[in-house]
>>> print(open('start.tsv').read())   # TSV, C-alpha atoms
chain	number	residue	atom	x	y	z
A	98	MET	CA	193.37	91.09	173.36
A	99	SER	CA	189.58	90.79	173.64
A	100	ALA	CA	188.03	92.95	176.35
A	101	LEU	CA	186.78	90.03	178.47
A	102	ALA	CA	189.35	87.35	177.68
A	103	GLY	CA	189.75	84.93	180.58
A	104	ARG	CA	186.79	86.30	182.56
A	105	GLY	CA	183.83	84.22	183.68
A	106	ALA	CA	180.37	85.80	183.86
A	107	ILE	CA	176.84	84.96	184.94
A	108	VAL	CA	174.06	86.59	182.91
A	109	THR	CA	170.49	86.25	184.20
A	110	GLY	CA	167.50	86.50	181.89
A	111	ALA	CA	169.95	85.33	179.22
A	112	SER	CA	167.70	83.41	176.87
A	113	ARG	CA	165.97	86.33	175.16
A	114	GLY	CA	166.25	90.00	174.30
A	115	LEU	CA	168.95	92.06	175.94
A	116	GLY	CA	170.20	89.17	178.10
A	117	ARG	CA	170.90	87.10	175.02
A	118	ALA	CA	172.54	90.09	173.30
A	119	ILE	CA	174.79	90.65	176.33
A	120	THR	CA	175.71	86.96	176.40
A	121	GLU	CA	176.62	87.05	172.71
A	122	ALA	CA	178.72	90.20	173.16
A	123	PHE	CA	180.50	88.67	176.16
A	124	VAL	CA	181.33	85.48	174.28
A	125	ARG	CA	182.60	87.44	171.28
A	126	GLU	CA	184.84	89.41	173.66
A	127	GLY	CA	186.37	86.22	175.05
A	128	ALA	CA	184.36	85.60	178.22
A	129	SER	CA	183.07	82.28	179.49
A	130	VAL	CA	179.39	82.63	180.41
A	131	LEU	CA	176.80	80.81	182.47
A	132	MET	CA	173.37	81.70	181.08
A	133	MET	CA	170.46	81.65	183.55
A	134	ALA	CA	166.77	81.91	182.68
A	135	ARG	CA	163.47	80.40	183.78
A	136	ASP	CA	162.39	78.65	180.57
A	137	ALA	CA	164.68	75.64	180.22
A	138	GLU	CA	163.70	74.91	176.62
A	139	VAL	CA	164.23	78.45	175.34
A	140	LEU	CA	167.46	78.66	177.34
A	141	ALA	CA	168.79	75.47	175.76
A	142	GLN	CA	167.97	76.78	172.29
A	143	ALA	CA	169.76	80.07	172.99
A	144	ARG	CA	172.83	78.29	174.30
A	145	GLU	CA	172.93	76.00	171.27
A	146	ALA	CA	172.69	78.98	168.90
A	147	LEU	CA	175.51	80.89	170.63
A	148	ALA	CA	177.84	77.95	171.31
A	149	PRO	CA	179.64	78.19	167.93
A	150	LEU	CA	180.90	81.67	168.92
A	151	ALA	CA	182.95	80.32	171.82
A	152	GLY	CA	186.65	79.90	171.17
A	153	THR	CA	189.18	77.45	172.55
A	154	GLY	CA	189.04	77.37	176.33
A	155	GLN	CA	185.78	79.31	176.56
A	156	VAL	CA	182.83	77.77	178.40
A	157	LEU	CA	179.19	78.52	177.56
A	158	ALA	CA	177.01	76.86	180.18
A	159	ALA	CA	173.32	77.16	181.07
A	160	ARG	CA	171.17	76.68	184.13
A	161	ALA	CA	167.40	77.01	184.35
A	162	GLY	CA	166.39	78.93	187.45
A	163	ASP	CA	164.21	81.66	188.91
A	164	VAL	CA	166.03	84.66	190.40
A	165	SER	CA	163.15	85.26	192.81
A	166	ARG	CA	164.18	82.03	194.55
A	167	ALA	CA	167.32	82.42	196.65
A	168	GLU	CA	168.15	78.71	196.38
A	169	ASP	CA	168.17	78.92	192.57
A	170	CYS	CA	170.56	81.86	192.72
A	171	GLU	CA	172.89	80.08	195.12
A	172	ALA	CA	172.92	76.97	192.91
A	173	THR	CA	173.66	79.07	189.83
A	174	VAL	CA	176.66	80.74	191.47
A	175	ALA	CA	177.91	77.36	192.72
A	176	GLN	CA	177.74	75.97	189.17
A	177	ALA	CA	179.51	79.03	187.77
A	178	ARG	CA	182.32	78.70	190.29
A	179	ALA	CA	182.71	75.04	189.37
A	180	GLU	CA	182.51	75.35	185.57
A	181	LEU	CA	183.79	78.78	184.56
A	182	PRO	CA	187.54	79.45	184.41
A	183	ASP	CA	187.47	82.67	186.47
A	184	LEU	CA	184.13	83.95	187.80
A	185	THR	CA	184.53	87.73	187.79
A	186	VAL	CA	181.27	89.23	186.49
A	187	LEU	CA	177.57	89.13	187.38
A	188	VAL	CA	174.97	90.72	185.11
A	189	ASN	CA	171.53	91.01	186.74
A	190	ASN	CA	169.38	91.31	183.64
A	191	ALA	CA	166.30	89.22	184.54
A	192	GLY	CA	163.24	91.40	184.94
A	193	VAL	CA	159.50	91.77	184.40
A	194	TYR	CA	157.10	94.67	183.98
A	195	GLY	CA	154.63	93.19	186.43
A	196	PRO	CA	150.93	94.08	186.50
A	197	MET	CA	149.71	97.05	184.48
A	198	GLY	CA	146.94	99.32	185.65
A	199	ARG	CA	146.04	101.60	188.56
A	200	ILE	CA	147.41	100.38	191.88
A	201	GLU	CA	143.95	99.68	193.32
A	202	GLU	CA	142.98	97.65	190.26
A	203	VAL	CA	145.95	95.32	189.83
A	204	SER	CA	146.63	92.06	191.63
A	205	GLY	CA	148.57	92.55	194.85
A	206	ASP	CA	150.20	89.16	194.43
A	207	GLU	CA	151.41	90.06	190.92
A	208	TRP	CA	152.70	93.41	192.17
A	209	GLU	CA	154.71	91.71	194.89
A	210	GLN	CA	156.02	89.09	192.47
A	211	ALA	CA	157.44	91.84	190.24
A	212	ILE	CA	159.32	93.18	193.27
A	213	ARG	CA	160.59	89.67	194.01
A	214	VAL	CA	161.95	89.26	190.48
A	215	ASN	CA	163.32	92.74	189.78
A	216	LEU	CA	164.60	93.76	193.21
A	217	LEU	CA	164.94	90.64	195.35
A	218	GLY	CA	166.26	88.67	192.37
A	219	THR	CA	169.10	91.18	192.14
A	220	VAL	CA	169.67	90.93	195.88
A	221	HIS	CA	169.68	87.10	195.84
A	222	MET	CA	172.24	86.95	193.03
A	223	CYS	CA	174.46	89.57	194.67
A	224	ARG	CA	174.32	87.82	198.06
A	225	ALA	CA	175.34	84.57	196.40
A	226	VAL	CA	178.28	85.95	194.39
A	227	ILE	CA	179.69	88.73	196.59
A	228	PRO	CA	181.55	86.46	199.05
A	229	HIS	CA	183.42	84.94	196.09
A	230	LEU	CA	184.27	88.36	194.64
A	231	ARG	CA	185.42	89.64	198.03
A	232	ARG	CA	187.81	86.71	198.34
A	233	ARG	CA	189.18	87.42	194.87
A	234	GLY	CA	189.63	91.10	195.71
A	235	TYR	CA	188.17	92.06	192.34
A	236	GLY	CA	184.90	91.83	190.42
A	237	LYS	CA	182.15	93.48	188.41
A	238	ILE	CA	178.41	93.58	189.07
A	239	VAL	CA	176.16	95.08	186.39
A	240	ASN	CA	172.50	95.67	187.22
A	241	LEU	CA	169.83	96.46	184.64
A	242	SER	CA	167.70	99.46	185.42
A	243	GLY	CA	165.62	101.48	182.99
A	244	GLY	CA	163.35	104.46	182.52
A	245	GLY	CA	161.29	103.39	185.52
A	246	ALA	CA	164.17	104.36	187.80
A	247	THR	CA	164.40	108.02	186.82
A	248	ALA	CA	160.83	109.03	185.94
A	249	ALA	CA	157.34	108.30	187.16
A	250	LEU	CA	155.69	105.39	185.38
A	251	PRO	CA	151.95	105.57	186.06
A	252	ARG	CA	150.12	102.23	185.86
A	253	ILE	CA	153.38	100.23	185.88
A	254	SER	CA	154.21	101.05	189.48
A	255	ALA	CA	155.84	97.76	190.54
A	256	TYR	CA	158.36	98.03	187.72
A	257	ALA	CA	159.09	101.69	188.45
A	258	ALA	CA	159.51	101.15	192.19
A	259	SER	CA	161.69	98.07	191.81
A	260	LYS	CA	163.99	99.63	189.22
A	261	ALA	CA	164.49	102.79	191.28
A	262	ALA	CA	165.34	100.54	194.22
A	263	VAL	CA	167.86	98.64	192.08
A	264	VAL	CA	169.71	101.88	191.35
A	265	ARG	CA	169.94	102.86	195.02
A	266	LEU	CA	170.97	99.28	195.83
A	267	THR	CA	173.69	99.64	193.18
A	268	GLU	CA	175.00	102.80	194.82
A	269	THR	CA	174.90	101.19	198.26
A	270	PHE	CA	176.65	97.97	197.25
A	271	ALA	CA	179.27	100.04	195.43
A	272	GLU	CA	180.21	101.67	198.73
A	273	GLU	CA	180.12	98.37	200.62
A	274	LEU	CA	182.48	96.78	198.10
A	275	ARG	CA	184.78	99.66	197.23
A	276	GLU	CA	187.68	98.46	199.40
A	277	ASP	CA	187.34	95.00	197.86
A	278	HIS	CA	187.77	96.45	194.34
A	279	VAL	CA	184.37	95.19	193.21
A	280	ASP	CA	182.65	97.70	190.92
A	281	VAL	CA	178.84	97.83	190.94
A	282	ASN	CA	177.00	99.80	188.27
A	283	ALA	CA	173.59	100.01	186.62
A	284	ILE	CA	172.57	100.32	182.98
A	285	ALA	CA	169.61	102.10	181.42
A	286	PRO	CA	169.52	100.37	178.03
A	287	GLY	CA	166.83	102.53	176.41
A	288	ALA	CA	163.38	101.57	175.17
A	289	LEU	CA	163.82	98.10	173.72
A	290	ASN	CA	161.62	96.15	171.36
A	291	THR	CA	161.46	92.98	173.44
A	292	ARG	CA	158.70	90.86	174.95
A	293	LEU	CA	158.15	93.61	177.57
A	294	LEU	CA	157.04	95.96	174.80
A	295	ASP	CA	154.71	93.23	173.52
A	296	GLU	CA	153.16	93.04	176.99
A	297	VAL	CA	152.49	96.80	177.03
A	298	LEU	CA	150.84	96.69	173.62
A	299	ALA	CA	148.76	93.66	174.59
A	300	ALA	CA	147.61	95.37	177.79
A	301	GLY	CA	146.05	98.19	175.77
A	302	PRO	CA	145.62	101.93	176.41
A	303	GLU	CA	142.92	101.41	179.03
A	304	ARG	CA	145.39	99.65	181.37
A	305	VAL	CA	148.70	101.44	180.68
A	306	GLY	CA	147.24	104.80	179.72
A	307	PRO	CA	146.74	106.16	176.20
A	308	GLY	CA	149.92	108.25	176.17
A	309	PHE	CA	152.22	105.42	177.23
A	310	TRP	CA	150.52	102.95	174.92
A	311	GLU	CA	150.85	105.30	171.94
A	312	ARG	CA	154.56	105.79	172.65
A	313	ALA	CA	154.95	102.01	172.78
A	314	ARG	CA	153.15	101.63	169.46
A	315	ARG	CA	155.44	104.20	167.83
A	316	GLN	CA	158.46	102.50	169.35
A	317	GLN	CA	157.40	99.18	167.81
A	318	VAL	CA	157.14	100.79	164.38
A	319	GLU	CA	160.39	102.76	164.66
A	320	GLY	CA	162.42	99.84	166.01
A	321	GLY	CA	163.30	100.95	169.54
A	322	ALA	CA	166.79	101.16	171.03
A	323	PRO	CA	169.34	98.78	169.48
A	324	LEU	CA	170.15	95.85	171.74
A	325	ASP	CA	173.82	96.12	170.85
A	326	LYS	CA	174.09	99.52	172.58
A	327	GLY	CA	173.15	98.06	175.95
A	328	ALA	CA	175.34	95.01	175.30
A	329	ALA	CA	178.34	97.22	174.47
A	330	LEU	CA	177.92	99.16	177.71
A	331	ALA	CA	177.70	95.87	179.63
A	332	VAL	CA	181.00	94.78	178.04
A	333	PHE	CA	182.62	98.07	179.09
A	334	LEU	CA	181.40	97.76	182.69
A	335	ALA	CA	182.51	94.11	182.85
A	336	SER	CA	186.00	94.89	181.54
A	337	ALA	CA	189.18	96.34	183.01
A	338	ARG	CA	188.47	99.54	181.06
A	339	SER	CA	185.95	100.57	183.73
A	340	ASP	CA	188.04	99.65	186.79
A	341	GLY	CA	187.23	101.97	189.68
A	342	ILE	CA	184.03	103.31	188.14
A	343	SER	CA	181.32	102.27	190.58
A	344	GLY	CA	177.91	103.27	191.91
A	345	ARG	CA	176.75	104.80	188.62
A	346	LEU	CA	173.61	104.59	186.48
A	347	LEU	CA	174.69	104.95	182.86
A	348	SER	CA	172.50	105.33	179.80
A	349	ALA	CA	173.57	103.18	176.91
A	350	LEU	CA	172.14	105.69	174.44
A	351	TRP	CA	172.65	109.15	175.90
A	352	ASP	CA	175.82	109.03	178.00
A	353	ASP	CA	179.32	109.14	176.52
A	354	TRP	CA	180.31	106.23	178.73
A	355	ALA	CA	183.33	105.20	176.65
A	356	ALA	CA	184.94	108.54	177.54
A	357	LEU	CA	184.82	107.62	181.25
A	358	GLU	CA	187.74	105.19	180.92
A	359	GLY	CA	190.50	106.31	183.25
A	360	ARG	CA	188.30	108.86	185.02
A	361	ALA	CA	187.33	106.86	188.11
A	362	GLU	CA	188.95	109.32	190.52
A	363	ALA	CA	187.16	112.30	188.99
A	364	LEU	CA	183.83	110.49	189.27
A	365	ARG	CA	184.36	109.41	192.86
A	366	GLY	CA	183.71	112.88	194.25
A	367	SER	CA	180.86	113.65	191.87
A	368	ASP	CA	177.10	113.09	191.88
A	369	ALA	CA	177.20	112.50	188.11
A	370	PHE	CA	175.17	109.50	186.92
A	371	THR	CA	173.49	108.99	190.33
A	372	LEU	CA	170.01	109.40	191.82
A	373	ARG	CA	169.94	112.53	193.97
A	374	ARG	CA	167.39	114.93	195.47
A	375	ILE	CA	167.25	118.25	193.63
A	376	THR	CA	166.74	121.33	195.80
A	377	PRO	CA	165.05	124.40	194.29
A	378	ARG	CA	167.06	127.46	193.40
A	379	GLU	CA	166.42	130.61	195.42
A	380	GLY	CA	163.14	132.15	194.39
A	381	GLU	CA	162.23	129.30	192.05
A	382	LEU	CA	159.05	128.39	193.93
A	383	SER	CA	157.97	131.90	194.92
>>> encode(input="start.tsv", output="structure tokens")
Amino acid sequence: MSALAGRGAIVTGASRGLGRAITEAFVREGASVLMMARDAEVLAQAREALAPLAGTGQVLAARAGDVSRAEDCEATVAQARAELPDLTVLVNNAGVYGPMGRIEEVSGDEWEQAIRVNLLGTVHMCRAVIPHLRRRGYGKIVNLSGGGATAALPRISAYAASKAAVVRLTETFAEELREDHVDVNAIAPGALNTRLLDEVLAAGPERVGPGFWERARRQQVEGGAPLDKGAALAVFLASARSDGISGRLLSALWDDWAALEGRAEALRGSDAFTLRRITPREGELS
């Protein structure tokens, strides 16, 4: 049986890049999906292109909306509950880099808008879907993080701050929902060649810094991380194979996440794949 057969899922930021790749992987694995994105025209085109992949009984729906608006998130969840056979999964993929440059040089309004999309968008979607998952007594929430969560990202501070917050939110919601059997995890998909990379290159070395810009240029030439790696991890975290694994940040490229199947109890008492403070060893700072 396909990994997601009979499951309904919402994927935000689903019209392009990783969101579209996740949607395609979900449909191929038997899920019904409601695609959400801001650009209605691009969203409709993506849905039309993926529709032939859906089998008998599968639903592939779409709704234009902005995750930074709580009312759009609530309407999306209401549509998913009405149209999908069994709403079980939420993938919070929608995200932006936000303004690029030193903090005193960038627009404060743009900085705050990046927080609204990346962090509050995740919160709005979770608030809208969690009551339904609690009633079911089962569910999966997959949040998209990234390199900004685990390392400093000079000149892209709104992105870095929001993605680190998403990981801690993931850990916190995982604890809130543990007794309801709702697993909440985050994905670091790797450096992707998507429109976000195009934005970095367009910004130039003077705004994002010469080192970061040069790495982005090399990434463009070398191809970046494959989208299907992040999509495969999303399928794993949305499936029964990951039941009980919760509150983790997993790298699609560097972690042997497939080997975690059946190891939920071992992980529960471990700090593995989490954000934690590191204390120095004795004498290390002397």
>>> residues_around(input="start.tsv", residues="Gly110 of chain A", least_positions_apart="2", cutoff="7 Å", atoms="only C-alpha atoms", output="PyMOL selection string")
chain A and resi 108+112-113+116+133-134+190-191
>>> closest_residue(input="start.tsv", among="A:Ala159, A:Leu347, A:Ala148, A:Ala177", to="Asp136 of chain A", atoms="only C-alpha atoms")
A:Ala159
>>> closest_residue(input="start.tsv", among="A:Leu131, A:Leu230, A:Met98, A:Ala369", to="Glu180 of chain A", atoms="all atoms listed in the file")
A:Leu131
>>> atom_distance(input="start.tsv", atom1="atom CA of Lys326 of chain A", atom2="atom CA of Pro286 of chain A")
7.2 Å
>>> residues_around(input="start.tsv", residues="Trp354 of chain A", least_positions_apart="6", cutoff="10 Å", atoms="all atoms listed in the file", output="ChimeraX atom specification")
/A:330,333-334,339,347-348
>>> residues_around(input="start.tsv", residues="segment 274-283 of chain A", least_positions_apart="6", cutoff="7 Å", atoms="all atoms listed in the file", output="ChimeraX atom specification")
/A:230-231,234-242,264,267,341-347
>>> write_last_selection(input="start.tsv", atoms="C-alpha atoms", output="PDB file, in the coordinates of the input")
ATOM      1  CA  LEU A 230     184.270  88.360 194.640  1.00  0.00           C
ATOM      2  CA  ARG A 231     185.420  89.640 198.030  1.00  0.00           C
ATOM      3  CA  GLY A 234     189.630  91.100 195.710  1.00  0.00           C
ATOM      4  CA  TYR A 235     188.170  92.060 192.340  1.00  0.00           C
ATOM      5  CA  GLY A 236     184.900  91.830 190.420  1.00  0.00           C
ATOM      6  CA  LYS A 237     182.150  93.480 188.410  1.00  0.00           C
ATOM      7  CA  ILE A 238     178.410  93.580 189.070  1.00  0.00           C
ATOM      8  CA  VAL A 239     176.160  95.080 186.390  1.00  0.00           C
ATOM      9  CA  ASN A 240     172.500  95.670 187.220  1.00  0.00           C
ATOM     10  CA  LEU A 241     169.830  96.460 184.640  1.00  0.00           C
ATOM     11  CA  SER A 242     167.700  99.460 185.420  1.00  0.00           C
ATOM     12  CA  VAL A 264     169.710 101.880 191.350  1.00  0.00           C
ATOM     13  CA  THR A 267     173.690  99.640 193.180  1.00  0.00           C
ATOM     14  CA  GLY A 341     187.230 101.970 189.680  1.00  0.00           C
ATOM     15  CA  ILE A 342     184.030 103.310 188.140  1.00  0.00           C
ATOM     16  CA  SER A 343     181.320 102.270 190.580  1.00  0.00           C
ATOM     17  CA  GLY A 344     177.910 103.270 191.910  1.00  0.00           C
ATOM     18  CA  ARG A 345     176.750 104.800 188.620  1.00  0.00           C
ATOM     19  CA  LEU A 346     173.610 104.590 186.480  1.00  0.00           C
ATOM     20  CA  LEU A 347     174.690 104.950 182.860  1.00  0.00           C
TER      21      LEU A 347
END
>>> closest_atom_pairs(input="start.tsv", of="segment 217-269 of chain A", to="segment 194-201 of chain A", cutoff="10 Å", atoms="only C-alpha atoms", output="CSV")
residue,atom,partner,partner_atom,distance
A:Gly245,CA,A:Tyr194,CA,9.8
A:Pro251,CA,A:Arg199,CA,7.5
A:Arg252,CA,A:Gly198,CA,4.3
A:Ile253,CA,A:Met197,CA,5.1
A:Ser254,CA,A:Ile200,CA,7.2
A:Ala255,CA,A:Gly195,CA,6.3
A:Tyr256,CA,A:Tyr194,CA,5.2
A:Ala257,CA,A:Tyr194,CA,8.6
A:Ser259,CA,A:Tyr194,CA,9.7
A:Lys260,CA,A:Tyr194,CA,10.0
>>> write_last_selection(input="start.tsv", atoms="C-alpha atoms", output="mmCIF file, in the frame of the given file")
data_model
loop_
_atom_site.group_PDB
_atom_site.id
_atom_site.type_symbol
_atom_site.label_atom_id
_atom_site.label_comp_id
_atom_site.auth_asym_id
_atom_site.auth_seq_id
_atom_site.Cartn_x
_atom_site.Cartn_y
_atom_site.Cartn_z
ATOM 1 C CA GLY A 245 161.290 103.390 185.520
ATOM 2 C CA PRO A 251 151.950 105.570 186.060
ATOM 3 C CA ARG A 252 150.120 102.230 185.860
ATOM 4 C CA ILE A 253 153.380 100.230 185.880
ATOM 5 C CA SER A 254 154.210 101.050 189.480
ATOM 6 C CA ALA A 255 155.840 97.760 190.540
ATOM 7 C CA TYR A 256 158.360 98.030 187.720
ATOM 8 C CA ALA A 257 159.090 101.690 188.450
ATOM 9 C CA SER A 259 161.690 98.070 191.810
ATOM 10 C CA LYS A 260 163.990 99.630 189.220
#
>>> closest_residue(input="start.tsv", among="A:Leu147, A:Thr109, A:Ala299, A:Thr120", to="Val214 of chain A", atoms="only C-alpha atoms")
A:Thr109
>>> residues_around(input="start.tsv", residues="Ala225 of chain A", least_positions_apart="5", cutoff="9 Å", atoms="only C-alpha atoms", output="list of chain:residue names")
A:Ala167, A:Cys170, A:Glu171, A:Ala172, A:Thr173, A:Val174, A:Ala175, A:Val220
>>> atom_distance(input="start.tsv", atom1="atom CA of Val124 of chain A", atom2="atom CA of Asn215 of chain A")
24.8 Å
>>> atom_distance(input="start.tsv", atom1="atom CA of Gly366 of chain A", atom2="atom CA of Gly380 of chain A")
28.2 Å
>>> residues_near_point(input="start.tsv", point="(170.7, 90.6, 194.2)", cutoff="9 Å", atoms="only C-alpha atoms", output="compact mmCIF listing (two decimals) with C-alpha atoms, keeping the file's coordinate frame")
# COMPACT_ATOMS: atom_id res chain seq x y z
CA VAL A 164 166.03 84.66 190.40
CA CYS A 170 170.56 81.86 192.72
CA ASN A 189 171.53 91.01 186.74
CA ASN A 215 163.32 92.74 189.78
CA LEU A 216 164.60 93.76 193.21
CA LEU A 217 164.94 90.64 195.35
CA GLY A 218 166.26 88.67 192.37
CA THR A 219 169.10 91.18 192.14
CA VAL A 220 169.67 90.93 195.88
CA HIS A 221 169.68 87.10 195.84
CA MET A 222 172.24 86.95 193.03
CA CYS A 223 174.46 89.57 194.67
CA ARG A 224 174.32 87.82 198.06
CA ALA A 225 175.34 84.57 196.40
CA VAL A 226 178.28 85.95 194.39
CA ASN A 240 172.50 95.67 187.22
CA VAL A 263 167.86 98.64 192.08
CA LEU A 266 170.97 99.28 195.83
>>> closest_residue(input="start.tsv", among="A:Glu202, A:Ser99, A:Glu379, A:Ala337", to="Glu303 of chain A", atoms="all atoms listed in the file")
A:Glu202
>>> residues_near_point(input="start.tsv", point="(186.8, 84.9, 189.5)", cutoff="9 Å", atoms="all atoms listed in the file", output="VMD selection string")
chain A and resid 104 to 106 178 181 to 186 229 to 230 233 235 to 236
>>> write_last_selection(input="start.tsv", atoms="C-alpha atoms", output="compact mmCIF listing (two decimals), in the frame of the given file")
# COMPACT_ATOMS: atom_id res chain seq x y z
CA ARG A 104 186.79 86.30 182.56
CA GLY A 105 183.83 84.22 183.68
CA ALA A 106 180.37 85.80 183.86
CA ARG A 178 182.32 78.70 190.29
CA LEU A 181 183.79 78.78 184.56
CA PRO A 182 187.54 79.45 184.41
CA ASP A 183 187.47 82.67 186.47
CA LEU A 184 184.13 83.95 187.80
CA THR A 185 184.53 87.73 187.79
CA VAL A 186 181.27 89.23 186.49
CA HIS A 229 183.42 84.94 196.09
CA LEU A 230 184.27 88.36 194.64
CA ARG A 233 189.18 87.42 194.87
CA TYR A 235 188.17 92.06 192.34
CA GLY A 236 184.90 91.83 190.42
>>> closest_residue(input="start.tsv", among="A:Ile284, A:Ala100, A:Ala349, A:Val130", to="Gly154 of chain A", atoms="all atoms listed in the file")
A:Val130
